[in-house]
Every structure is written in C-alpha cells, then in structure tokens.
>>> print(open('start_39.pdb').read())   # PDB, C-alpha atoms, pLDDT in the B column
ATOM      1  CA  MET H1500     133.537  -6.947 -22.196  1.00 54.00           C
ATOM      2  CA  GLY H1501     133.503  -9.399 -25.107  1.00 60.00           C
ATOM      3  CA  THR H1502     135.902 -12.135 -26.022  1.00 74.00           C
ATOM      4  CA  GLN H1503     139.506 -11.124 -25.331  1.00 81.00           C
ATOM      5  CA  PRO H1504     142.685 -12.914 -26.351  1.00 81.00           C
ATOM      6  CA  ASP H1505     144.603 -14.900 -23.765  1.00 94.00           C
ATOM      7  CA  ILE H1506     147.075 -12.542 -22.107  1.00 96.00           C
ATOM      8  CA  ALA H1507     149.895 -15.105 -22.257  1.00 94.00           C
ATOM      9  CA  ALA H1508     149.599 -15.148 -26.058  1.00 95.00           C
ATOM     10  CA  LEU H1509     150.019 -11.368 -26.396  1.00 96.00           C
ATOM     11  CA  SER H1510     153.241  -9.711 -27.483  1.00 96.00           C
ATOM     12  CA  PHE H1511     154.575  -6.938 -25.260  1.00 96.00           C
ATOM     13  CA  GLU H1512     153.203  -4.300 -27.612  1.00 97.00           C
ATOM     14  CA  GLU H1513     149.756  -5.913 -27.781  1.00 97.00           C
ATOM     15  CA  ALA H1514     149.599  -6.261 -24.005  1.00 97.00           C
ATOM     16  CA  LEU H1515     150.688  -2.655 -23.518  1.00 97.00           C
ATOM     17  CA  ARG H1516     147.980  -1.418 -25.911  1.00 98.00           C
ATOM     18  CA  ALA H1517     145.402  -3.549 -24.099  1.00 97.00           C
ATOM     19  CA  LEU H1518     146.589  -2.163 -20.752  1.00 98.00           C
ATOM     20  CA  GLU H1519     146.299   1.396 -22.085  1.00 98.00           C
ATOM     21  CA  ASP H1520     142.727   0.607 -23.209  1.00 97.00           C
ATOM     22  CA  VAL H1521     141.891  -0.733 -19.734  1.00 97.00           C
ATOM     23  CA  VAL H1522     143.294   2.400 -18.097  1.00 98.00           C
ATOM     24  CA  ARG H1523     141.309   4.641 -20.466  1.00 98.00           C
ATOM     25  CA  ARG H1524     138.088   2.760 -19.663  1.00 97.00           C
ATOM     26  CA  LEU H1525     138.713   2.948 -15.933  1.00 97.00           C
ATOM     27  CA  GLU H1526     139.636   6.645 -16.045  1.00 97.00           C
ATOM     28  CA  SER H1527     136.509   7.490 -18.050  1.00 97.00           C
ATOM     29  CA  GLY H1528     134.381   6.365 -15.117  1.00 95.00           C
ATOM     30  CA  GLU H1529     131.703   5.102 -17.499  1.00 95.00           C
ATOM     31  CA  ALA H1530     132.054   1.389 -16.725  1.00 95.00           C
ATOM     32  CA  PRO H1531     129.646  -0.035 -14.144  1.00 97.00           C
ATOM     33  CA  LEU H1532     131.191  -1.195 -10.861  1.00 97.00           C
ATOM     34  CA  ASP H1533     131.310  -4.915 -11.719  1.00 97.00           C
ATOM     35  CA  GLU H1534     132.900  -4.211 -15.092  1.00 97.00           C
ATOM     36  CA  SER H1535     135.383  -1.821 -13.455  1.00 97.00           C
ATOM     37  CA  ILE H1536     136.454  -4.588 -11.079  1.00 97.00           C
ATOM     38  CA  GLU H1537     136.937  -6.983 -14.030  1.00 97.00           C
ATOM     39  CA  LEU H1538     138.860  -4.296 -15.928  1.00 97.00           C
ATOM     40  CA  TYR H1539     141.087  -3.655 -12.923  1.00 98.00           C
ATOM     41  CA  ALA H1540     141.852  -7.371 -12.559  1.00 98.00           C
ATOM     42  CA  ARG H1541     142.620  -7.684 -16.287  1.00 98.00           C
ATOM     43  CA  GLY H1542     144.803  -4.577 -16.099  1.00 98.00           C
ATOM     44  CA  ASP H1543     146.774  -6.094 -13.243  1.00 98.00           C
ATOM     45  CA  ARG H1544     147.323  -9.311 -15.261  1.00 98.00           C
ATOM     46  CA  LEU H1545     148.362  -7.256 -18.310  1.00 98.00           C
ATOM     47  CA  ARG H1546     150.810  -5.230 -16.186  1.00 98.00           C
ATOM     48  CA  ALA H1547     152.360  -8.412 -14.803  1.00 98.00           C
ATOM     49  CA  HIS H1548     152.630  -9.853 -18.327  1.00 98.00           C
ATOM     50  CA  CYS H1549     154.349  -6.704 -19.612  1.00 97.00           C
ATOM     51  CA  GLN H1550     156.774  -6.745 -16.669  1.00 97.00           C
ATOM     52  CA  ALA H1551     157.596 -10.402 -17.282  1.00 96.00           C
ATOM     53  CA  ARG H1552     158.248  -9.695 -20.969  1.00 95.00           C
ATOM     54  CA  LEU H1553     160.533  -6.782 -20.049  1.00 93.00           C
ATOM     55  CA  ASP H1554     162.389  -8.910 -17.486  1.00 88.00           C
ATOM     56  CA  ALA H1555     162.885 -11.661 -20.090  1.00 86.00           C
ATOM     57  CA  ALA H1556     164.187  -9.133 -22.622  1.00 81.00           C
ATOM     58  CA  GLN H1557     166.637  -7.666 -20.128  1.00 75.00           C
ATOM     59  CA  ALA H1558     167.941 -11.139 -19.326  1.00 70.00           C
ATOM     60  CA  ARG H1559     168.826 -11.589 -23.013  1.00 69.00           C
ATOM     61  CA  ILE H1560     170.663  -8.309 -23.396  1.00 63.00           C
ATOM     62  CA  GLU H1561     174.352  -8.803 -23.819  1.00 52.00           C
ATOM     63  CA  ALA H1562     177.109  -6.227 -23.439  1.00 47.00           C
ATOM     64  CA  ILE H1563     180.109  -6.156 -25.739  1.00 51.00           C
ATOM     65  CA  VAL H1564     183.419  -6.973 -24.061  1.00 58.00           C
ATOM     66  CA  ALA H1565     186.363  -5.004 -25.443  1.00 59.00           C
ATOM     67  CA  ASP H1566     190.096  -5.659 -25.179  1.00 63.00           C
ATOM     68  CA  ARG H1567     192.701  -3.007 -24.294  1.00 68.00           C
ATOM     69  CA  ASP H1568     192.620  -1.661 -27.843  1.00 73.00           C
ATOM     70  CA  GLY H1569     188.841  -1.237 -27.734  1.00 65.00           C
ATOM     71  CA  LYS H1570     188.168  -4.113 -30.124  1.00 70.00           C
ATOM     72  CA  ALA H1571     185.226  -6.397 -29.454  1.00 67.00           C
ATOM     73  CA  THR H1572     186.349  -9.754 -28.095  1.00 70.00           C
ATOM     74  CA  GLY H1573     182.997 -11.312 -27.262  1.00 68.00           C
ATOM     75  CA  THR H1574     179.903 -10.793 -25.212  1.00 67.00           C
ATOM     76  CA  ARG H1575     178.794 -11.204 -21.626  1.00 67.00           C
ATOM     77  CA  PRO H1576     175.395 -11.033 -19.927  1.00 65.00           C
ATOM     78  CA  PHE H1577     174.169  -7.470 -19.405  1.00 62.00           C
ATOM     79  CA  ASP H1578     173.938  -7.772 -15.630  1.00 61.00           C
ATOM     80  CA  GLU H1579     177.341  -9.403 -15.172  1.00 57.00           C
ATOM     81  CA  THR H1580     179.779  -7.051 -13.435  1.00 53.00           C
ATOM     82  CA  ALA H1581     182.956  -6.084 -15.248  1.00 47.00           C
ATOM     83  CA  ALA H1582     185.970  -8.127 -14.282  1.00 48.00           C
TER      84      ALA H1582
END
>>> encode(input="start_39.pdb", output="structure tokens")
Amino acid sequence: MGTQPDIAALSFEEALRALEDVVRRLESGEAPLDESIELYARGDRLRAHCQARLDAAQARIEAIVADRDGKATGTRPFDETAA
C-alpha cells in the first residue's frame, strides 16, 4: 500500500479524498484479502478523522444575534438555544 501520510496530519479535504480512494479500491474487489482488511481499517480511521474535523468545525460556528430592529448585536455559539 506504500507510505501514507499520518491521518492526524490530513486536512478534512485530504482525508475525504483518501477515504474516497479507499472506498474505490474496496469496491473494485481487486485488492487481496489482507490488503482489503488494511484498507478497511484505514478507511475507518479516515472516517473518524473526518467526523472529528466536522464536529470541531460545527463547534466553532457562531450565529448572529439580532436586536428587535434586526441589527446584529453580537454572536453566540451555534448550538446555544435562543433566549
């Protein structure tokens, strides 16, 4: 399978491309069994990495808080319920 970059060092986009490559290889059915098992394990680690990156991004999203006139008065965390 060659030398592959450390998953933790990959950006979301790089990890997603790598995951798509893994899926393509697995779906082709051309990889021997042992390599398929390694690909599956790498794919699972890539999926978890992508999910963690998405979760971190969502945590940083902020919603704009508006006053009665509709003017922005500040920000609040995305998942915070409106008061």
>>> residues_around(input="start_39.pdb", residues="segment 1540-1547 of chain H", least_positions_apart="4", cutoff="8 Å", atoms="only C-alpha atoms", output="ChimeraX atom specification")
/H:1506,1514-1515,1517-1518,1521-1522,1536,1551
>>> atom_distance(input="start_39.pdb", atom1="atom CA of Leu1538 of chain H", atom2="atom CA of Asp1554 of chain H")
24.0 Å
>>> atom_distance(input="start_39.pdb", atom1="atom CA of Phe1511 of chain H", atom2="atom CA of Cys1549 of chain H")
5.7 Å
